[in-house]
Amino acid sequence: GGKGEGAGTMEESAMRRVIQKSDFAKMEIIGQFNLGFIITKLKNDLFIIDQHATDEKYNFERLQRVTKIHSQVLFKPMPVRVSPAHFLTILDHLPIFQANGFDFCGPAIDELKNGVEVQMEDEDPTSDRKSRLFLKKIPYSKNTTFGIDDIVQLCTLLADAGSGYDESGSSSAKEQGIKHLMGLRIPKLRAMFASRACRSSIMIGTGLMKAKMRKLVRNMGTMDQPWNCPHGRPTMRHLFDLTPLEKMHEASDARM
C-alpha cells in the first residue's frame, strides 16, 4: 500500500465499464483461492476479489461515516491566516470542517450567523491586520497534532471535489455529491482510519466459509468507492471471460 487512492484510478475506471455496484448482489461465489482471494462469477465473467482489501475498504468507509471526531477547545483562539479563496471555502463549508473536528469564531462567523454580507480578509494572508476568522477547536488525538496546515489541505480537497460536482445534475446526483463532500477527511484523519480499518479486517491467510465470502462481496455494493482499498490497492480484478469457452463447448456439442 501507501500509493494513495489515486493509484487505483485506471483499474477503477476499467472496473466501472465491466460492472455496476448493483452487480455485486448478483455475483455467484465460486470459492476461495490461496486463502486470500474470492473467485466470483457474473454472467460469463470471472472476477478475483482481495478479501483483505475489500474488507479494509468497507471498514474504512464505515469508520469515516460513524466515528465522531473529538475536538479540544484552544485556550486562546488562533487567527486563521489563509488566502481569500480558502477563507470563503471555510465559510461555505463549515459543517464539513466541524465533521473534521475544527470549529471557528470571530467577526466573519458572527456576520454569517446574522445573515449579513461577510467582509473579506486582506488579500495578503501574512498581513498584520486584525483577523476576521479564528480557530477555536481542533481535532484531538493522543499521537497527532493538528493546525492551520490541515485546514488548508481540507480547503484544497474541497476545491478539487467541487470542480467535479455538477450543480445542475439530478437530485440523486446532488445528494451523492453532498454525501461525498461531507465524507471528506483531512489526510491525517484518513491515515488514522486506514490504520484502524487495516487492523480490524480479515487478513490474507484466513480460510473463509461461503457465507462469509458472500457477505464480503455483498458489502462491496454498499460502499461509496469499492474499487480500491484506502492505500490504493485494487480490491478486485477481472480474471476471465468464459464466452469463448462456452462457444467452443457449443460447437463441440453440435458436432457430436
# chains A, B, ... in the order shown; residues from 1 in each chain; ligands from 1

$ residues_around --residues "Lys43 in chain A" --least-positions-apart "2" --cutoff "9 Å" --atoms "only C-alpha atoms" --output "list in words"
Lys26, Met27, Glu28, Lys41, Asp45, Leu46 and Leu242 of chain A

$ closest_atom_pairs --of "range 137-207 of chain A" --to "range 68-84 of chain A" --cutoff "6 Å" --atoms "only C-alpha atoms" --output "tab-separated table"
residue	atom	partner	partner_atom	distance
A:Lys137	CA	A:Val73	CA	4.5
A:Ile138	CA	A:Ser71	CA	5.3
A:Pro139	CA	A:Ser71	CA	4.3
A:Tyr140	CA	A:Ser71	CA	4.9

$ write_last_selection --atoms "N, CA and C atoms" --output "short mmCIF file (atom, residue, chain, number, x, y, z; two decimals), in the first residue's frame"
data_model
loop_
_atom_site.label_atom_id
_atom_site.label_comp_id
_atom_site.auth_asym_id
_atom_site.auth_seq_id
_atom_site.Cartn_x
_atom_site.Cartn_y
_atom_site.Cartn_z
N LYS A 137 -11.52 25.42 17.92
CA LYS A 137 -11.43 23.99 18.25
C LYS A 137 -10.62 23.28 17.19
N ILE A 138 -9.84 22.29 17.61
CA ILE A 138 -9.09 21.45 16.67
C ILE A 138 -9.34 19.97 17.02
N PRO A 139 -9.14 19.06 16.05
CA PRO A 139 -9.32 17.63 16.36
C PRO A 139 -8.34 17.21 17.46
N TYR A 140 -8.78 16.26 18.27
CA TYR A 140 -7.93 15.77 19.35
C TYR A 140 -7.51 14.34 19.09
#

$ select_by_dssp --residues "range 23-65 of chain A" --states "strand (DSSP E)" --output "list in words"
Glu28, Ile29, Ile30, Gly31, Gln32, Phe33, Phe37, Ile38, Ile39, Thr40, Lys41, Leu42, Asp45, Leu46, Phe47, Ile48, Ile49 and Asp50 of chain A

$ write_last_selection --atoms "N, CA and C atoms" --output "PDB file, in the first residue's frame"
ATOM      1  N   GLU A  28     -22.144 -14.817  -8.239  1.00  0.00           N
ATOM      2  CA  GLU A  28     -22.114 -16.183  -7.700  1.00  0.00           C
ATOM      3  C   GLU A  28     -20.735 -16.417  -7.084  1.00  0.00           C
ATOM      4  N   ILE A  29     -20.701 -16.958  -5.879  1.00  0.00           N
ATOM      5  CA  ILE A  29     -19.428 -17.247  -5.211  1.00  0.00           C
ATOM      6  C   ILE A  29     -18.926 -18.622  -5.679  1.00  0.00           C
ATOM      7  N   ILE A  30     -17.784 -18.641  -6.338  1.00  0.00           N
ATOM      8  CA  ILE A  30     -17.201 -19.909  -6.805  1.00  0.00           C
ATOM      9  C   ILE A  30     -16.390 -20.553  -5.687  1.00  0.00           C
ATOM     10  N   GLY A  31     -15.597 -19.753  -4.965  1.00  0.00           N
ATOM     11  CA  GLY A  31     -14.797 -20.301  -3.862  1.00  0.00           C
ATOM     12  C   GLY A  31     -13.647 -19.384  -3.513  1.00  0.00           C
ATOM     13  N   GLN A  32     -12.783 -19.887  -2.611  1.00  0.00           N
ATOM     14  CA  GLN A  32     -11.629 -19.112  -2.157  1.00  0.00           C
ATOM     15  C   GLN A  32     -10.366 -19.644  -2.817  1.00  0.00           C
ATOM     16  N   PHE A  33      -9.446 -18.729  -3.141  1.00  0.00           N
ATOM     17  CA  PHE A  33      -8.182 -19.119  -3.762  1.00  0.00           C
ATOM     18  C   PHE A  33      -7.028 -18.671  -2.875  1.00  0.00           C
ATOM     19  N   PHE A  37      -8.119 -14.811  -1.580  1.00  0.00           N
ATOM     20  CA  PHE A  37      -8.894 -14.232  -2.669  1.00  0.00           C
ATOM     21  C   PHE A  37     -10.207 -14.992  -2.869  1.00  0.00           C
ATOM     22  N   ILE A  38     -11.240 -14.251  -3.261  1.00  0.00           N
ATOM     23  CA  ILE A  38     -12.554 -14.838  -3.514  1.00  0.00           C
ATOM     24  C   ILE A  38     -12.789 -14.815  -5.024  1.00  0.00           C
ATOM     25  N   ILE A  39     -13.124 -15.972  -5.582  1.00  0.00           N
ATOM     26  CA  ILE A  39     -13.431 -16.061  -7.015  1.00  0.00           C
ATOM     27  C   ILE A  39     -14.949 -15.972  -7.171  1.00  0.00           C
ATOM     28  N   THR A  40     -15.393 -15.033  -8.009  1.00  0.00           N
ATOM     29  CA  THR A  40     -16.833 -14.863  -8.231  1.00  0.00           C
ATOM     30  C   THR A  40     -17.134 -14.910  -9.730  1.00  0.00           C
ATOM     31  N   LYS A  41     -18.407 -15.158 -10.023  1.00  0.00           N
ATOM     32  CA  LYS A  41     -18.847 -15.229 -11.424  1.00  0.00           C
ATOM     33  C   LYS A  41     -20.062 -14.323 -11.595  1.00  0.00           C
ATOM     34  N   LEU A  42     -20.016 -13.510 -12.648  1.00  0.00           N
ATOM     35  CA  LEU A  42     -21.151 -12.659 -13.020  1.00  0.00           C
ATOM     36  C   LEU A  42     -21.395 -12.867 -14.511  1.00  0.00           C
ATOM     37  N   ASP A  45     -18.462 -13.753 -16.840  1.00  0.00           N
ATOM     38  CA  ASP A  45     -17.169 -13.201 -16.404  1.00  0.00           C
ATOM     39  C   ASP A  45     -16.775 -13.727 -15.021  1.00  0.00           C
ATOM     40  N   LEU A  46     -15.491 -14.064 -14.893  1.00  0.00           N
ATOM     41  CA  LEU A  46     -14.928 -14.444 -13.595  1.00  0.00           C
ATOM     42  C   LEU A  46     -14.138 -13.271 -13.027  1.00  0.00           C
ATOM     43  N   PHE A  47     -14.279 -13.027 -11.715  1.00  0.00           N
ATOM     44  CA  PHE A  47     -13.549 -11.963 -11.038  1.00  0.00           C
ATOM     45  C   PHE A  47     -12.800 -12.543  -9.842  1.00  0.00           C
ATOM     46  N   ILE A  48     -11.693 -11.897  -9.488  1.00  0.00           N
ATOM     47  CA  ILE A  48     -10.950 -12.275  -8.282  1.00  0.00           C
ATOM     48  C   ILE A  48     -10.956 -11.076  -7.344  1.00  0.00           C
ATOM     49  N   ILE A  49     -11.379 -11.304  -6.088  1.00  0.00           N
ATOM     50  CA  ILE A  49     -11.546 -10.230  -5.106  1.00  0.00           C
ATOM     51  C   ILE A  49     -10.579 -10.452  -3.949  1.00  0.00           C
ATOM     52  N   ASP A  50      -9.822  -9.430  -3.611  1.00  0.00           N
ATOM     53  CA  ASP A  50      -8.868  -9.477  -2.496  1.00  0.00           C
ATOM     54  C   ASP A  50      -9.653  -9.353  -1.191  1.00  0.00           C
TER      55      ASP A  50
END

$ atom_distance --atom1 "CA of Thr156 in chain A" --atom2 "CA of Met182 in chain A"
14.4 Å

$ residues_around --residues "Tyr58 in chain A" --least-positions-apart "4" --cutoff "12 Å" --atoms "only C-alpha atoms" --output "PyMOL selection string"
chain A and resi 51-54+62-65+193-194+196-198+200-202+215-230+235

$ write_last_selection --atoms "C-alpha atoms" --output "compact mmCIF listing (two decimals), in the first residue's frame"
# COMPACT_ATOMS: atom_id res chain seq x y z
CA GLN A 51 -10.53 -10.44 0.80
CA HIS A 52 -8.36 -8.16 2.97
CA ALA A 53 -8.50 -5.11 0.66
CA THR A 54 -12.28 -5.22 0.26
CA ARG A 62 -17.80 2.74 7.97
CA LEU A 63 -15.30 4.33 10.37
CA GLN A 64 -15.27 7.58 8.38
CA ARG A 65 -19.07 7.63 8.43
CA PHE A 193 -8.96 5.48 9.92
CA ALA A 194 -6.97 3.46 7.36
CA ARG A 196 -7.71 1.12 12.29
CA ALA A 197 -9.54 -0.42 9.34
CA CYS A 198 -6.48 -2.47 8.37
CA SER A 200 -9.75 -4.90 12.18
CA SER A 201 -10.10 -6.51 8.72
CA ILE A 202 -9.88 -10.15 7.59
CA LYS A 215 -21.18 -11.14 2.87
CA LEU A 216 -17.85 -9.54 1.85
CA VAL A 217 -18.92 -9.41 -1.80
CA ARG A 218 -22.39 -8.04 -0.95
CA ASN A 219 -20.77 -5.33 1.21
CA MET A 220 -18.96 -4.04 -1.88
CA GLY A 221 -22.29 -2.98 -3.37
CA THR A 222 -22.96 -0.74 -0.35
CA MET A 223 -19.64 1.16 -0.49
CA ASP A 224 -19.12 4.63 -1.88
CA GLN A 225 -15.86 3.58 -3.63
CA PRO A 226 -15.49 -0.23 -3.62
CA TRP A 227 -12.82 -0.38 -6.32
CA ASN A 228 -9.64 0.06 -4.25
CA CYS A 229 -8.52 -0.05 -0.61
CA PRO A 230 -7.55 3.11 1.37
CA THR A 235 -9.96 -4.69 -4.37

$ select_by_dssp --residues "range 81-218 of chain A" --states "helix (DSSP H, G or I)" --output "PyMOL selection string"
chain A and resi 84-92+94-99+107-113+148-163+171-182+187-199+210-218

$ closest_residue --among "A:Gly232, A:Gly205, A:Gly183, A:Pro244" --to "Phe97 in chain A" --atoms "only C-alpha atoms"
A:Gly183

$ closest_residue --among "A:Val152, A:Ala211, A:Thr145, A:Gln176" --to "Ala85 in chain A" --atoms "only C-alpha atoms"
A:Val152

$ closest_residue --among "A:Arg237, A:Asp150, A:His93, A:Gly115" --to "Ile186 in chain A" --atoms "only C-alpha atoms"
A:Asp150

$ atom_distance --atom1 "CA of Gly147 in chain A" --atom2 "CA of Ala108 in chain A"
19.4 Å

$ atom_distance --atom1 "CA of Ser141 in chain A" --atom2 "CA of Phe104 in chain A"
18.8 Å

$ residues_around --residues "Asp110 in chain A" --least-positions-apart "6" --cutoff "12 Å" --atoms "only C-alpha atoms" --output "PDB file with N, CA, C and O atoms, in the first residue's frame"
ATOM      1  N   LEU A  91     -15.991  29.326   5.095  1.00  0.00           N
ATOM      2  CA  LEU A  91     -17.321  29.841   5.441  1.00  0.00           C
ATOM      3  C   LEU A  91     -18.431  29.102   4.706  1.00  0.00           C
ATOM      4  O   LEU A  91     -19.525  28.912   5.248  1.00  0.00           O
ATOM      5  N   PHE A 104     -14.793  27.382  14.386  1.00  0.00           N
ATOM      6  CA  PHE A 104     -14.273  28.733  14.226  1.00  0.00           C
ATOM      7  C   PHE A 104     -15.137  29.745  14.970  1.00  0.00           C
ATOM      8  O   PHE A 104     -16.292  29.491  15.309  1.00  0.00           O
ATOM      9  N   VAL A 116     -25.715  38.741   7.427  1.00  0.00           N
ATOM     10  CA  VAL A 116     -25.212  39.940   6.731  1.00  0.00           C
ATOM     11  C   VAL A 116     -24.035  39.543   5.851  1.00  0.00           C
ATOM     12  O   VAL A 116     -23.416  38.494   6.048  1.00  0.00           O
ATOM     13  N   GLU A 117     -23.709  40.389   4.902  1.00  0.00           N
ATOM     14  CA  GLU A 117     -22.628  40.064   3.961  1.00  0.00           C
ATOM     15  C   GLU A 117     -21.300  40.006   4.704  1.00  0.00           C
ATOM     16  O   GLU A 117     -20.936  40.924   5.445  1.00  0.00           O
ATOM     17  N   VAL A 118     -20.598  38.903   4.491  1.00  0.00           N
ATOM     18  CA  VAL A 118     -19.318  38.708   5.183  1.00  0.00           C
ATOM     19  C   VAL A 118     -18.245  39.558   4.509  1.00  0.00           C
ATOM     20  O   VAL A 118     -18.068  39.513   3.293  1.00  0.00           O
ATOM     21  N   GLN A 119     -17.540  40.334   5.334  1.00  0.00           N
ATOM     22  CA  GLN A 119     -16.441  41.151   4.811  1.00  0.00           C
ATOM     23  C   GLN A 119     -15.222  40.261   4.598  1.00  0.00           C
ATOM     24  O   GLN A 119     -14.916  39.404   5.425  1.00  0.00           O
ATOM     25  N   ARG A 132     -10.305  38.219  10.856  1.00  0.00           N
ATOM     26  CA  ARG A 132     -11.766  38.173  10.971  1.00  0.00           C
ATOM     27  C   ARG A 132     -12.253  36.751  11.248  1.00  0.00           C
ATOM     28  O   ARG A 132     -13.429  36.509  11.408  1.00  0.00           O
ATOM     29  N   LEU A 133     -11.302  35.815  11.263  1.00  0.00           N
ATOM     30  CA  LEU A 133     -11.654  34.408  11.464  1.00  0.00           C
ATOM     31  C   LEU A 133     -10.637  33.767  12.400  1.00  0.00           C
ATOM     32  O   LEU A 133      -9.432  33.906  12.202  1.00  0.00           O
ATOM     33  N   PHE A 134     -11.152  33.073  13.434  1.00  0.00           N
ATOM     34  CA  PHE A 134     -10.271  32.445  14.418  1.00  0.00           C
ATOM     35  C   PHE A 134     -10.638  30.977  14.573  1.00  0.00           C
ATOM     36  O   PHE A 134     -11.807  30.607  14.486  1.00  0.00           O
TER      37      PHE A 134
END

$ decode --residues "range 29-40 of chain A" --atoms "all heavy atoms" --output "mmCIF file, in the first residue's frame"
data_model
loop_
_atom_site.group_PDB
_atom_site.id
_atom_site.type_symbol
_atom_site.label_atom_id
_atom_site.label_comp_id
_atom_site.auth_asym_id
_atom_site.auth_seq_id
_atom_site.Cartn_x
_atom_site.Cartn_y
_atom_site.Cartn_z
ATOM 1 N N ILE A 29 -20.701 -16.958 -5.879
ATOM 2 C CA ILE A 29 -19.428 -17.247 -5.211
ATOM 3 C C ILE A 29 -18.926 -18.622 -5.679
ATOM 4 O O ILE A 29 -19.573 -19.641 -5.430
ATOM 5 C CB ILE A 29 -19.580 -17.249 -3.675
ATOM 6 C CG1 ILE A 29 -20.243 -15.960 -3.188
ATOM 7 C CG2 ILE A 29 -18.227 -17.455 -3.000
ATOM 8 C CD1 ILE A 29 -19.510 -14.683 -3.501
ATOM 9 N N ILE A 30 -17.784 -18.641 -6.338
ATOM 10 C CA ILE A 30 -17.201 -19.909 -6.805
ATOM 11 C C ILE A 30 -16.390 -20.553 -5.687
ATOM 12 O O ILE A 30 -16.473 -21.752 -5.451
ATOM 13 C CB ILE A 30 -16.298 -19.686 -8.043
ATOM 14 C CG1 ILE A 30 -17.082 -18.999 -9.173
ATOM 15 C CG2 ILE A 30 -15.691 -21.007 -8.516
ATOM 16 C CD1 ILE A 30 -18.274 -19.772 -9.686
ATOM 17 N N GLY A 31 -15.597 -19.753 -4.965
ATOM 18 C CA GLY A 31 -14.797 -20.301 -3.862
ATOM 19 C C GLY A 31 -13.647 -19.384 -3.513
ATOM 20 O O GLY A 31 -13.525 -18.274 -4.031
ATOM 21 N N GLN A 32 -12.783 -19.887 -2.611
ATOM 22 C CA GLN A 32 -11.629 -19.112 -2.157
ATOM 23 C C GLN A 32 -10.366 -19.644 -2.817
ATOM 24 O O GLN A 32 -10.221 -20.856 -3.033
ATOM 25 C CB GLN A 32 -11.508 -19.203 -0.630
ATOM 26 C CG GLN A 32 -10.475 -18.249 -0.029
ATOM 27 C CD GLN A 32 -10.324 -18.431 1.474
ATOM 28 O OE1 GLN A 32 -10.533 -19.523 2.000
ATOM 29 N NE2 GLN A 32 -9.943 -17.370 2.174
ATOM 30 N N PHE A 33 -9.446 -18.729 -3.141
ATOM 31 C CA PHE A 33 -8.182 -19.119 -3.762
ATOM 32 C C PHE A 33 -7.028 -18.671 -2.875
ATOM 33 O O PHE A 33 -6.959 -17.511 -2.458
ATOM 34 C CB PHE A 33 -8.066 -18.478 -5.156
ATOM 35 C CG PHE A 33 -6.709 -18.630 -5.785
ATOM 36 C CD1 PHE A 33 -6.255 -19.871 -6.215
ATOM 37 C CD2 PHE A 33 -5.877 -17.529 -5.944
ATOM 38 C CE1 PHE A 33 -5.003 -20.016 -6.792
ATOM 39 C CE2 PHE A 33 -4.624 -17.661 -6.514
ATOM 40 C CZ PHE A 33 -4.185 -18.904 -6.943
ATOM 41 N N ASN A 34 -6.125 -19.595 -2.574
ATOM 42 C CA ASN A 34 -4.873 -19.272 -1.886
ATOM 43 C C ASN A 34 -5.081 -18.559 -0.540
ATOM 44 O O ASN A 34 -4.242 -17.767 -0.124
ATOM 45 C CB ASN A 34 -3.998 -18.407 -2.806
ATOM 46 C CG ASN A 34 -2.526 -18.654 -2.585
ATOM 47 O OD1 ASN A 34 -2.129 -19.717 -2.103
ATOM 48 N ND2 ASN A 34 -1.710 -17.685 -2.926
ATOM 49 N N LEU A 35 -6.183 -18.847 0.132
ATOM 50 C CA LEU A 35 -6.503 -18.268 1.443
ATOM 51 C C LEU A 35 -6.419 -16.737 1.464
ATOM 52 O O LEU A 35 -6.105 -16.132 2.498
ATOM 53 C CB LEU A 35 -5.584 -18.838 2.539
ATOM 54 C CG LEU A 35 -5.782 -20.306 2.917
ATOM 55 C CD1 LEU A 35 -4.807 -20.711 4.019
ATOM 56 C CD2 LEU A 35 -7.215 -20.573 3.375
ATOM 57 N N GLY A 36 -6.679 -16.122 0.313
ATOM 58 C CA GLY A 36 -6.594 -14.660 0.295
ATOM 59 C C GLY A 36 -7.528 -14.000 -0.703
ATOM 60 O O GLY A 36 -7.699 -12.783 -0.668
ATOM 61 N N PHE A 37 -8.119 -14.811 -1.580
ATOM 62 C CA PHE A 37 -8.894 -14.232 -2.669
ATOM 63 C C PHE A 37 -10.207 -14.992 -2.869
ATOM 64 O O PHE A 37 -10.262 -16.204 -2.675
ATOM 65 C CB PHE A 37 -8.080 -14.250 -3.968
ATOM 66 C CG PHE A 37 -6.779 -13.513 -3.845
ATOM 67 C CD1 PHE A 37 -5.623 -14.186 -3.459
ATOM 68 C CD2 PHE A 37 -6.715 -12.142 -4.067
ATOM 69 C CE1 PHE A 37 -4.425 -13.507 -3.304
ATOM 70 C CE2 PHE A 37 -5.518 -11.457 -3.923
ATOM 71 C CZ PHE A 37 -4.361 -12.130 -3.550
ATOM 72 N N ILE A 38 -11.240 -14.251 -3.261
ATOM 73 C CA ILE A 38 -12.554 -14.838 -3.514
ATOM 74 C C ILE A 38 -12.789 -14.815 -5.024
ATOM 75 O O ILE A 38 -12.623 -13.769 -5.665
ATOM 76 C CB ILE A 38 -13.663 -14.033 -2.801
ATOM 77 C CG1 ILE A 38 -13.391 -13.977 -1.288
ATOM 78 C CG2 ILE A 38 -15.034 -14.620 -3.079
ATOM 79 C CD1 ILE A 38 -14.202 -12.911 -0.555
ATOM 80 N N ILE A 39 -13.124 -15.972 -5.582
ATOM 81 C CA ILE A 39 -13.431 -16.061 -7.015
ATOM 82 C C ILE A 39 -14.949 -15.972 -7.171
ATOM 83 O O ILE A 39 -15.694 -16.713 -6.532
ATOM 84 C CB ILE A 39 -12.914 -17.385 -7.638
ATOM 85 C CG1 ILE A 39 -11.436 -17.611 -7.312
ATOM 86 C CG2 ILE A 39 -13.152 -17.384 -9.146
ATOM 87 C CD1 ILE A 39 -10.492 -16.571 -7.845
ATOM 88 N N THR A 40 -15.393 -15.033 -8.009
ATOM 89 C CA THR A 40 -16.833 -14.863 -8.231
ATOM 90 C C THR A 40 -17.134 -14.910 -9.730
ATOM 91 O O THR A 40 -16.249 -14.700 -10.564
ATOM 92 C CB THR A 40 -17.343 -13.515 -7.674
ATOM 93 O OG1 THR A 40 -16.776 -12.441 -8.449
ATOM 94 C CG2 THR A 40 -16.967 -13.335 -6.222
#
